[in-house]
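Asks: Following this line is input-v8.txt, made up of compact mmCIF, C-alpha atoms:
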# COMPACT_ATOMS: atom_id res chain seq x y z
CA MET A 255 4.58 -12.54 9.20
CA ALA A 256 2.98 -9.16 9.80
CA SER A 257 2.32 -9.23 13.51
CA ALA A 258 5.70 -7.90 14.63
CA ARG A 259 6.23 -4.20 14.48
CA PRO A 260 9.85 -3.42 13.74
CA ARG A 261 10.68 0.07 14.77
CA THR A 262 14.44 0.01 14.69
CA TYR A 263 16.97 -1.35 12.29
CA ALA A 264 17.88 -4.21 14.64
CA GLU A 265 14.24 -5.24 15.05
CA ALA A 266 13.65 -5.07 11.32
CA ARG A 267 16.60 -7.36 10.73
CA GLU A 268 15.19 -9.91 13.14
CA VAL A 269 11.88 -9.95 11.31
CA SER A 270 13.46 -10.15 7.88
CA THR A 271 14.73 -13.66 7.42
CA THR A 272 13.30 -14.74 4.08
CA ASN A 273 12.42 -13.47 0.64
CA PHE A 274 8.91 -14.82 1.14
CA GLU A 275 7.06 -11.60 0.33
CA LEU A 276 9.29 -10.87 -2.65
CA ALA A 277 8.60 -14.35 -4.06
CA TRP A 278 4.84 -13.94 -3.62
CA TRP A 279 4.94 -10.53 -5.24
CA VAL A 280 6.66 -11.99 -8.30
CA PHE A 281 4.29 -14.97 -8.33
CA MET A 282 1.25 -12.66 -8.35
CA ARG A 283 2.51 -10.87 -11.46
CA VAL A 284 3.52 -14.02 -13.33
CA SER A 285 0.42 -16.05 -12.41
CA GLY A 286 -1.86 -13.09 -13.22
CA LEU A 287 -0.45 -13.00 -16.73
CA ILE A 288 -0.69 -16.78 -17.18
CA LEU A 289 -4.27 -16.78 -15.88
CA VAL A 290 -5.36 -14.27 -18.53
CA PHE A 291 -4.43 -16.79 -21.23
CA LEU A 292 -5.73 -19.85 -19.36
CA VAL A 293 -9.11 -18.28 -18.55
CA PHE A 294 -9.70 -16.78 -21.97
CA GLY A 295 -8.53 -20.01 -23.63
CA HIS A 296 -11.10 -21.89 -21.57
CA LEU A 297 -13.85 -19.41 -22.46
CA TRP A 298 -12.90 -19.51 -26.12
CA VAL A 299 -13.05 -23.31 -26.34
CA ASN A 300 -16.32 -23.69 -24.46
CA ASN A 301 -18.20 -20.69 -25.78
CA ILE A 302 -16.90 -19.97 -29.26
CA LEU A 303 -15.34 -23.15 -30.69
CA VAL A 304 -18.20 -25.18 -29.26
CA ASP A 305 -21.76 -23.92 -29.23
CA PRO A 306 -22.76 -23.75 -25.52
CA ALA A 307 -26.09 -25.30 -26.48
CA ASP A 308 -24.26 -28.48 -27.52
CA ILE A 309 -22.61 -28.91 -24.12
CA ASP A 310 -24.18 -31.85 -22.34
CA TYR A 311 -23.03 -34.59 -20.00
CA ALA A 312 -21.52 -36.64 -22.80
CA TYR A 313 -19.49 -33.69 -24.05
CA VAL A 314 -18.09 -32.97 -20.55
CA VAL A 315 -17.27 -36.63 -19.93
CA ASN A 316 -15.49 -36.91 -23.28
CA ARG A 317 -13.56 -33.73 -22.68
CA LEU A 318 -12.43 -34.71 -19.19
CA ALA A 319 -11.34 -38.11 -20.53
CA GLN A 320 -8.56 -36.36 -22.49
CA PRO A 321 -5.27 -35.98 -20.59
CA GLY A 322 -4.55 -32.63 -22.31
CA VAL A 323 -7.78 -31.12 -20.97
CA ARG A 324 -7.02 -32.47 -17.52
CA ILE A 325 -3.56 -30.95 -17.51
CA TYR A 326 -4.92 -27.62 -18.78
CA ASN A 327 -7.59 -27.57 -16.07
CA THR A 328 -5.08 -28.56 -13.41
CA PHE A 329 -2.99 -25.52 -14.30
CA LEU A 330 -6.10 -23.37 -14.25
CA LEU A 331 -7.03 -24.69 -10.81
CA PHE A 332 -3.49 -24.35 -9.45
CA PHE A 333 -2.86 -20.78 -10.60
CA ALA A 334 -6.37 -19.49 -9.88
CA MET A 335 -6.37 -20.93 -6.36
CA LEU A 336 -2.89 -19.74 -5.40
CA HIS A 337 -3.39 -16.32 -6.97
CA GLY A 338 -6.79 -15.85 -5.37
CA VAL A 339 -5.82 -17.17 -1.94
CA ASN A 340 -2.73 -14.99 -1.81
CA GLY A 341 -4.83 -11.98 -2.81
CA LEU A 342 -7.20 -12.75 0.06
CA ARG A 343 -4.24 -13.15 2.40
CA TYR A 344 -3.06 -9.66 1.36
CA SER A 345 -6.51 -8.25 2.12
CA ILE A 346 -6.66 -9.96 5.52
CA GLU A 347 -3.20 -8.71 6.48
CA ASP A 348 -3.94 -5.20 5.27
CA TYR A 349 -7.37 -4.75 6.75
CA THR A 350 -7.53 -6.86 9.92
CA LYS A 351 -6.15 -4.96 12.86
CA ARG A 352 -6.15 -7.54 15.64
CA ALA A 353 -3.42 -10.14 15.39
CA SER A 354 -5.58 -12.95 16.83
CA ARG A 355 -8.38 -12.28 14.38
CA ARG A 356 -5.91 -12.07 11.53
CA PHE A 357 -4.55 -15.49 12.51
CA TRP A 358 -7.98 -17.17 12.59
CA TYR A 359 -9.14 -15.59 9.34
CA LYS A 360 -6.04 -17.04 7.70
CA VAL A 361 -6.61 -20.45 9.26
CA ILE A 362 -10.16 -20.49 7.84
CA LEU A 363 -8.97 -19.24 4.45
CA TYR A 364 -6.24 -21.86 4.14
CA THR A 365 -8.51 -24.69 5.30
CA VAL A 366 -11.31 -23.84 2.88
CA SER A 367 -8.87 -23.38 0.00
CA ALA A 368 -7.12 -26.67 0.73
CA ILE A 369 -10.48 -28.47 0.61
CA ILE A 370 -11.42 -26.80 -2.68
CA PHE A 371 -8.01 -27.60 -4.11
CA VAL A 372 -8.23 -31.28 -3.15
CA LEU A 373 -11.82 -31.60 -4.43
CA GLY A 374 -10.84 -29.92 -7.71
CA THR A 375 -7.84 -32.16 -8.21
CA MET A 376 -9.93 -35.25 -7.41
CA THR A 377 -12.59 -34.19 -9.88
CA LEU A 378 -9.96 -33.94 -12.57
CA TRP A 379 -7.84 -37.03 -11.86
CA ALA A 380 -9.56 -39.53 -9.55
CA PHE A 381 -12.22 -40.78 -11.94
CA THR A 382 -12.30 -42.44 -15.33
CA TYR A 383 -15.06 -40.57 -17.01
CA GLU A 384 -15.90 -43.30 -19.51
CA GLU A 385 -16.78 -45.66 -16.67
CA MET A 386 -18.66 -42.97 -14.80
CA GLY A 387 -20.83 -42.19 -17.80
CA ALA A 388 -21.64 -45.91 -18.18
CA ALA A 389 -22.38 -46.29 -14.45
CA VAL A 390 -24.75 -43.31 -14.42
CA ARG A 391 -26.58 -44.65 -17.46
CA ALA A 392 -26.81 -48.14 -15.93
CA ILE A 393 -28.72 -46.95 -12.86
CA GLY A 394 -31.08 -45.10 -15.11
CA VAL A 395 -30.38 -41.54 -14.05
CA THR A 396 -30.72 -39.14 -16.93
CA PRO A 397 -27.68 -36.95 -16.68
CA MET B 104 -8.56 40.89 -3.62
CA GLU B 105 -11.76 41.61 -1.71
CA PRO B 106 -12.39 39.45 1.37
CA ILE B 107 -15.13 36.85 1.09
CA GLU B 108 -17.09 35.04 3.78
CA ILE B 109 -15.91 31.48 4.33
CA ASN B 110 -16.99 28.65 6.57
CA VAL B 111 -14.28 26.56 8.20
CA LYS B 112 -15.02 23.24 9.88
CA ILE B 113 -12.25 21.77 11.99
CA LYS B 114 -12.19 18.36 13.64
CA ARG B 115 -11.25 18.85 17.29
CA PHE B 116 -10.20 16.38 19.91
CA ASN B 117 -8.50 16.68 23.27
CA PRO B 118 -7.93 13.16 24.61
CA GLU B 119 -7.62 14.54 28.15
CA ALA B 120 -11.03 16.20 28.12
CA ASP B 121 -13.19 14.78 25.29
CA SER B 122 -14.57 11.29 24.97
CA ARG B 123 -14.76 11.59 21.19
CA PRO B 124 -13.80 14.03 18.43
CA TYR B 125 -16.20 16.85 17.55
CA TRP B 126 -16.43 19.55 14.87
CA SER B 127 -15.91 23.27 15.45
CA ASP B 128 -17.50 25.63 12.95
CA TYR B 129 -16.10 29.07 12.22
CA THR B 130 -17.48 31.67 9.85
CA LEU B 131 -15.06 34.43 9.01
CA GLN B 132 -13.77 36.82 6.36
CA ALA B 133 -10.76 35.81 4.29
CA ARG B 134 -9.14 36.99 1.08
CA PRO B 135 -9.17 34.43 -1.74
CA SER B 136 -5.38 34.81 -1.90
CA ASP B 137 -4.99 33.81 1.78
CA ARG B 138 -3.46 30.46 2.54
CA VAL B 139 -5.37 28.01 4.73
CA LEU B 140 -2.62 28.54 7.31
CA ASP B 141 -3.47 32.27 7.41
CA VAL B 142 -7.09 31.38 8.05
CA MET B 143 -6.06 29.03 10.86
CA HIS B 144 -3.82 31.71 12.38
CA HIS B 145 -6.75 34.09 12.30
CA ILE B 146 -8.92 31.54 14.13
CA LYS B 147 -6.26 30.72 16.72
CA TRP B 148 -5.16 34.31 17.37
CA GLU B 149 -8.48 36.11 17.23
CA VAL B 150 -11.36 33.66 17.57
CA ASP B 151 -10.48 30.50 19.49
CA GLY B 152 -7.09 30.24 21.19
CA SER B 153 -7.69 26.62 22.18
CA LEU B 154 -7.22 25.35 18.60
CA ALA B 155 -4.00 23.35 18.35
CA PHE B 156 -1.97 22.72 15.19
CA ARG B 157 1.70 22.52 14.15
CA ARG B 158 3.46 24.88 11.82
CA SER B 159 6.99 26.19 11.61
CA CYS B 160 8.33 27.81 8.46
CA ALA B 161 4.94 28.41 6.83
CA HIS B 162 6.54 28.23 3.41
CA GLY B 163 6.16 24.62 2.37
CA ILE B 164 9.63 23.51 3.44
CA CYS B 165 9.50 22.27 7.03
CA GLY B 166 6.60 19.87 6.53
CA SER B 167 4.98 20.62 9.91
CA ASP B 168 1.49 21.58 8.80
CA ALA B 169 0.37 18.59 6.73
CA MET B 170 -3.32 17.93 7.38
CA LEU B 171 -6.40 16.60 5.65
CA ILE B 172 -7.94 19.63 3.92
CA ASN B 173 -11.20 19.06 2.03
CA GLY B 174 -10.44 15.37 1.89
CA VAL B 175 -6.89 15.63 0.55
CA ASN B 176 -3.63 15.50 2.50
CA ARG B 177 -1.78 18.77 1.92
CA LEU B 178 0.22 21.51 3.58
CA ALA B 179 -1.95 24.28 5.05
CA CYS B 180 0.73 26.78 4.02
CA LYS B 181 0.65 25.75 0.35
CA VAL B 182 -3.07 25.79 -0.41
CA LEU B 183 -5.03 28.99 -1.08
CA VAL B 184 -8.60 29.76 -0.09
CA LYS B 185 -9.55 30.47 -3.73
CA ASP B 186 -8.61 26.92 -4.67
CA LEU B 187 -10.95 25.44 -2.07
CA GLY B 188 -14.07 27.60 -2.33
CA ASN B 189 -15.83 29.06 0.67
CA ARG B 190 -16.28 25.81 2.59
CA ILE B 191 -13.12 24.38 4.11
CA VAL B 192 -13.03 21.17 6.13
CA ILE B 193 -9.86 20.42 8.07
CA GLU B 194 -9.05 17.12 9.82
CA PRO B 195 -5.87 15.67 11.33
CA LEU B 196 -3.77 13.23 9.28
CA ARG B 197 -5.25 9.74 9.27
CA GLY B 198 -3.65 6.65 10.73
CA LEU B 199 -1.67 8.44 13.46
CA GLU B 200 -2.87 8.97 17.02
CA VAL B 201 -4.30 12.44 17.67
CA LYS B 202 -2.52 14.28 20.49
CA LYS B 203 -4.72 17.35 20.29
CA ASP B 204 -6.89 18.73 17.47
CA LEU B 205 -4.65 18.68 14.38
CA ILE B 206 -1.51 17.54 16.18
CA VAL B 207 -0.78 13.86 15.65
CA ASP B 208 1.83 11.59 17.21
CA MET B 209 4.58 11.33 14.58
CA ASP B 210 6.79 8.90 16.55
CA SER B 211 5.89 5.76 14.59
CA PHE B 212 6.34 7.69 11.34
CA PHE B 213 9.85 8.76 12.30
CA ASP B 214 10.69 5.29 13.64
CA SER B 215 10.00 3.88 10.18
CA PHE B 216 12.10 6.65 8.67
CA LYS B 217 15.00 5.81 11.01
CA ALA B 218 14.65 2.10 10.28
CA VAL B 219 15.77 2.56 6.64
CA LEU B 220 19.05 4.20 7.79
CA PRO B 221 18.53 7.56 6.06
CA PHE B 222 22.18 8.60 6.00
CA LEU B 223 25.19 7.93 3.79
CA ILE B 224 26.84 4.59 4.56
CA ASN B 225 30.32 4.22 3.12
CA ASP B 226 33.19 2.77 5.11
CA ASP B 227 35.79 3.25 2.37
CA ALA B 228 38.65 5.55 3.30
CA PRO B 229 37.52 9.10 2.50
CA PRO B 230 39.21 10.63 -0.54
CA PRO B 231 41.25 13.84 -0.04
CA ALA B 232 38.35 15.99 -1.22
CA GLU B 233 34.68 15.11 -1.79
CA ARG B 234 33.38 11.72 -2.91
CA LEU B 235 32.80 12.63 -6.53
CA GLN B 236 29.60 11.98 -8.42
CA SER B 237 28.66 12.80 -12.01
CA PRO B 238 25.61 14.98 -12.75
CA GLU B 239 23.90 11.89 -14.20
CA GLU B 240 24.54 9.88 -11.04
CA ARG B 241 23.17 12.75 -8.98
CA ALA B 242 20.09 13.05 -11.19
CA ARG B 243 19.25 9.38 -10.56
CA PHE B 244 17.84 10.10 -7.10
CA ASP B 245 17.06 13.79 -7.47
CA GLU B 246 13.29 13.42 -7.01
CA THR B 247 13.56 11.60 -3.71
CA THR B 248 15.89 14.23 -2.21
CA LYS B 249 12.88 16.55 -2.16
CA CYS B 250 11.11 14.80 0.72
CA ILE B 251 10.31 17.09 3.67
CA LEU B 252 8.95 14.31 5.94
CA CYS B 253 5.51 15.91 6.27
CA ALA B 254 3.85 12.44 6.37
CA ALA B 255 1.22 13.44 3.78
CA CYS B 256 2.05 10.36 1.69
CA THR B 257 2.25 7.77 4.46
CA THR B 258 -1.00 8.94 6.07
CA SER B 259 -2.83 8.86 2.73
CA CYS B 260 -1.95 5.17 2.27
CA PRO B 261 -4.90 2.77 2.82
CA VAL B 262 -2.56 0.00 3.95
CA PHE B 263 -1.09 2.30 6.61
CA TRP B 264 -4.53 3.40 7.87
CA THR B 265 -5.61 -0.03 9.06
CA ASN B 266 -2.32 -1.74 9.61
CA GLY B 267 -0.21 1.05 11.14
CA SER B 268 2.85 -1.19 11.13
CA TYR B 269 3.44 -0.83 7.37
CA ILE B 270 6.73 1.01 6.89
CA GLY B 271 5.01 3.54 4.61
CA PRO B 272 5.88 5.42 1.42
CA ALA B 273 7.91 8.18 3.11
CA ALA B 274 10.44 5.70 4.51
CA ILE B 275 10.72 3.97 1.13
CA VAL B 276 11.28 7.32 -0.61
CA ASN B 277 14.13 8.04 1.80
CA ALA B 278 15.58 4.57 1.26
CA HIS B 279 15.42 5.24 -2.50
CA ARG B 280 17.38 8.44 -2.02
CA PHE B 281 20.36 6.42 -0.69
CA ILE B 282 19.92 3.12 -2.57
CA PHE B 283 20.36 4.97 -5.88
CA ASP B 284 23.17 7.21 -4.60
CA SER B 285 26.38 6.07 -6.32
CA ARG B 286 28.42 6.97 -3.20
CA ASP B 287 26.36 4.87 -0.80
CA LYS B 288 27.25 1.30 0.16
CA GLY B 289 24.41 0.50 2.57
CA THR B 290 21.94 -0.99 0.09
CA ALA B 291 22.09 -4.49 1.58
CA GLN B 292 21.19 -3.24 5.06
CA ARG B 293 18.30 -1.10 3.77
CA ILE B 294 16.97 -3.95 1.67
CA ASP B 295 16.90 -6.14 4.79
CA VAL B 296 14.54 -3.65 6.39
CA LEU B 297 12.37 -3.17 3.30
CA ASN B 298 12.11 -6.91 2.64
CA ALA B 299 10.44 -7.57 6.01
CA GLY B 300 6.77 -8.52 6.33
CA ASN B 301 5.84 -4.90 6.95
CA GLY B 302 8.18 -3.56 4.30
CA LEU B 303 7.60 -2.38 0.78
CA TRP B 304 5.97 -5.58 -0.53
CA ARG B 305 2.81 -4.41 1.26
CA CYS B 306 2.46 -1.53 -1.19
CA ARG B 307 -0.63 -2.16 -3.36
CA THR B 308 0.12 0.70 -5.77
CA ALA B 309 -2.96 2.70 -4.79
CA TYR B 310 -1.13 5.89 -5.91
CA ASN B 311 -2.63 7.90 -3.01
CA CYS B 312 0.90 8.81 -1.90
CA THR B 313 1.85 10.26 -5.27
CA GLU B 314 -1.27 12.42 -5.31
CA ALA B 315 -0.75 13.57 -1.73
CA CYS B 316 2.91 14.59 -2.00
CA PRO B 317 3.16 18.41 -1.69
CA ARG B 318 6.64 18.25 -3.24
CA ASP B 319 5.44 16.39 -6.35
CA ILE B 320 7.72 13.42 -5.75
CA PRO B 321 6.64 10.46 -7.93
CA VAL B 322 6.37 8.30 -4.81
CA THR B 323 4.81 5.19 -6.34
CA GLN B 324 7.42 5.22 -9.10
CA ALA B 325 10.18 5.42 -6.48
CA ILE B 326 8.66 2.41 -4.68
CA GLU B 327 8.61 0.46 -7.97
CA GLU B 328 12.24 1.36 -8.63
CA VAL B 329 13.28 0.09 -5.20
CA ARG B 330 11.28 -3.11 -5.83
CA ARG B 331 13.05 -3.70 -9.10
CA ALA B 332 16.42 -3.04 -7.49
CA MET B 333 15.58 -5.67 -4.86
CA LEU B 334 14.25 -8.13 -7.41
CA PHE B 335 17.16 -8.04 -9.85
CA ARG B 336 19.72 -7.91 -7.12
CA GLY B 337 18.22 -11.14 -5.75
CA ALA B 338 17.73 -9.30 -2.44
Please go through the file and, once you have read it, give me the structure as structure tokens.
Replies:
Amino acid sequence: MASARPRTYAEAREVSTTNFELAWWVFMRVSGLILVFLVFGHLWVNNILVDPADIDYAYVVNRLAQPGVRIYNTFLLFFAMLHGVNGLRYSIEDYTKRASRRFWYKVILYTVSAIIFVLGTMTLWAFTYEEMGAAVRAIGVTP
Amino acid sequence: MEPIEINVKIKRFNPEADSRPYWSDYTLQARPSDRVLDVMHHIKWEVDGSLAFRRSCAHGICGSDAMLINGVNRLACKVLVKDLGNRIVIEPLRGLEVKKDLIVDMDSFFDSFKAVLPFLINDDAPPPAERLQSPEERARFDETTKCILCAACTTSCPVFWTNGSYIGPAAIVNAHRFIFDSRDKGTAQRIDVLNAGNGLWRCRTAYNCTEACPRDIPVTQAIEEVRRAMLFRGA
């Protein structure tokens, strides 16, 4: 998006075809606000409502077995990843001079984030935690 | 006021002769009420004629002598020696190619300015007299009419320093001047330019531009107003 260098009105028109940057700008403001509530809600539940000393494997397994917690954490993952990745994209576009380097930095960023996003979603949705807890206990590993 | 001894350090560079920039040091007498431009005239006329810098009106209107003085972008003709102390460090504006000493290549700066179509666009048949405007409508864009195109704002912008293709605060200020003019009809065309990848969405609200403006234009606020206009208009 940022590699062209429009210097005249006609060139600028050619570059400007979408409202992509406008949409991201709005998303950053909205998601930032949502994240404040999601993050502090998470901290409040796990540090104030529940004594951190009581958090053990059983507690985590029970929590992640509830659909509400999974949905909450999915939102947290979704907004935090998109907000953070877009912030990094801004930094790369602002501070990397060479177009080729800028391209590869973004390729690496998007690949790593996609992996984290998939792993996070799998952690939340791909397992039934009741069965997992039983399986771990059956092979005798102390969680 | 009695003259005092001051030390002036100027970053020099002649791309045709030097491999890299170097500093020239001058120790001279100046009155605290002298402007930095007076000091530079003294150096150029009586000490070292090879020093190169731009200046035209010398009264803070033409915008020719913007430079980095003691770390801040300002006009040499608007800052007094007494406000800087007896050590003055002068560098060319950042982010633009140095032609010689304090003279930078302003072409890309003016290209961005031209890209936002900084003139009245209105194809309606002209009325018999002027296109009328109420005092309130005129006040809406009063601040941004004050721009003198000195480039102090654009060259203080961290996004512009590294990625010189950012359109820059000065161009956005001049777009604001017409977007909020009740007589102008060219908003859609200007928004096309500003909505591009290198347009105003790259602004990170660092506020450097507002601090650098020698005309006290609230530059960051103007950028936010243009953003809102684009947002609620659905660009």
Asks: Residues of chain B within 7 Å of chain A, counting all atoms listed in the file - could you list those as a PDB file with C-alpha atoms, keeping the file's coordinate frame?
Replies:
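What follows is the written file iface-v4.pdb:
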ATOM      1  CA  ASP B 214      10.690   5.290  13.640  1.00  0.00           C
ATOM      2  CA  SER B 215      10.000   3.880  10.180  1.00  0.00           C
ATOM      3  CA  LYS B 217      15.000   5.810  11.010  1.00  0.00           C
ATOM      4  CA  ALA B 218      14.650   2.100  10.280  1.00  0.00           C
ATOM      5  CA  VAL B 219      15.770   2.560   6.640  1.00  0.00           C
ATOM      6  CA  VAL B 262      -2.560   0.000   3.950  1.00  0.00           C
ATOM      7  CA  THR B 265      -5.610  -0.030   9.060  1.00  0.00           C
ATOM      8  CA  ASN B 266      -2.320  -1.740   9.610  1.00  0.00           C
ATOM      9  CA  SER B 268       2.850  -1.190  11.130  1.00  0.00           C
ATOM     10  CA  ASP B 295      16.900  -6.140   4.790  1.00  0.00           C
ATOM     11  CA  VAL B 296      14.540  -3.650   6.390  1.00  0.00           C
ATOM     12  CA  ASN B 298      12.110  -6.910   2.640  1.00  0.00           C
ATOM     13  CA  ALA B 299      10.440  -7.570   6.010  1.00  0.00           C
ATOM     14  CA  GLY B 300       6.770  -8.520   6.330  1.00  0.00           C
ATOM     15  CA  ASN B 301       5.840  -4.900   6.950  1.00  0.00           C
ATOM     16  CA  TRP B 304       5.970  -5.580  -0.530  1.00  0.00           C
TER      17      TRP B 304
END
Asks: So how many Å separate CA of Ala120 in chain B and CA of Phe156 in chain B, to one decimal?
Replies: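 The value is 17.1 Å.
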Asks: For the point (19.2, 7.0, -1.5) in the file's frame, write as JSON, numbers by chain all residues with an atom no more than 9 Å away, counting all atoms listed in the file.
Replies: {"B": [221, 222, 223, 244, 247, 248, 276, 277, 278, 279, 280, 281, 282, 283, 284, 285, 287, 290]}
Asks: To one decimal place, how far is CA of Gln132 in chain B from CA of Asn189 in chain B in Å?
Replies: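 Result for CA of Gln132 in chain B versus CA of Asn189 in chain B: 9.8 Å, one decimal.
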Asks: Could you produce a table of the residues of range 281-310 of chain A lying within 7 Å of range 322-341 of chain A, with the nearest pair of atoms per residue and their separation in Å rounded to one decimal, using only C-alpha atoms, ordered by chain and increasing residue number, as a tab-separated table?
Replies:
residue	atom	partner	partner_atom	distance
A:Met282	CA	A:His337	CA	6.1
A:Ser285	CA	A:Phe333	CA	6.0
A:Leu289	CA	A:Phe333	CA	6.8
A:Leu292	CA	A:Leu330	CA	6.2
Asks: How many Å separate CA of Ser153 in chain B from CA of Asp204 in chain B?
Replies: 9.2 Å
Asks: Find the smallest box with edges along x, y and z containing every listed atom of range 288-300 of chain A, then add 8 Å on each side and report centre and edge lengths in Å to one decimal, as AutoDock Vina command-line options.
Replies:
--center_x -8.5 --center_y -19.0 --center_z -21.1 --size_x 31.6 --size_y 25.4 --size_z 26.5
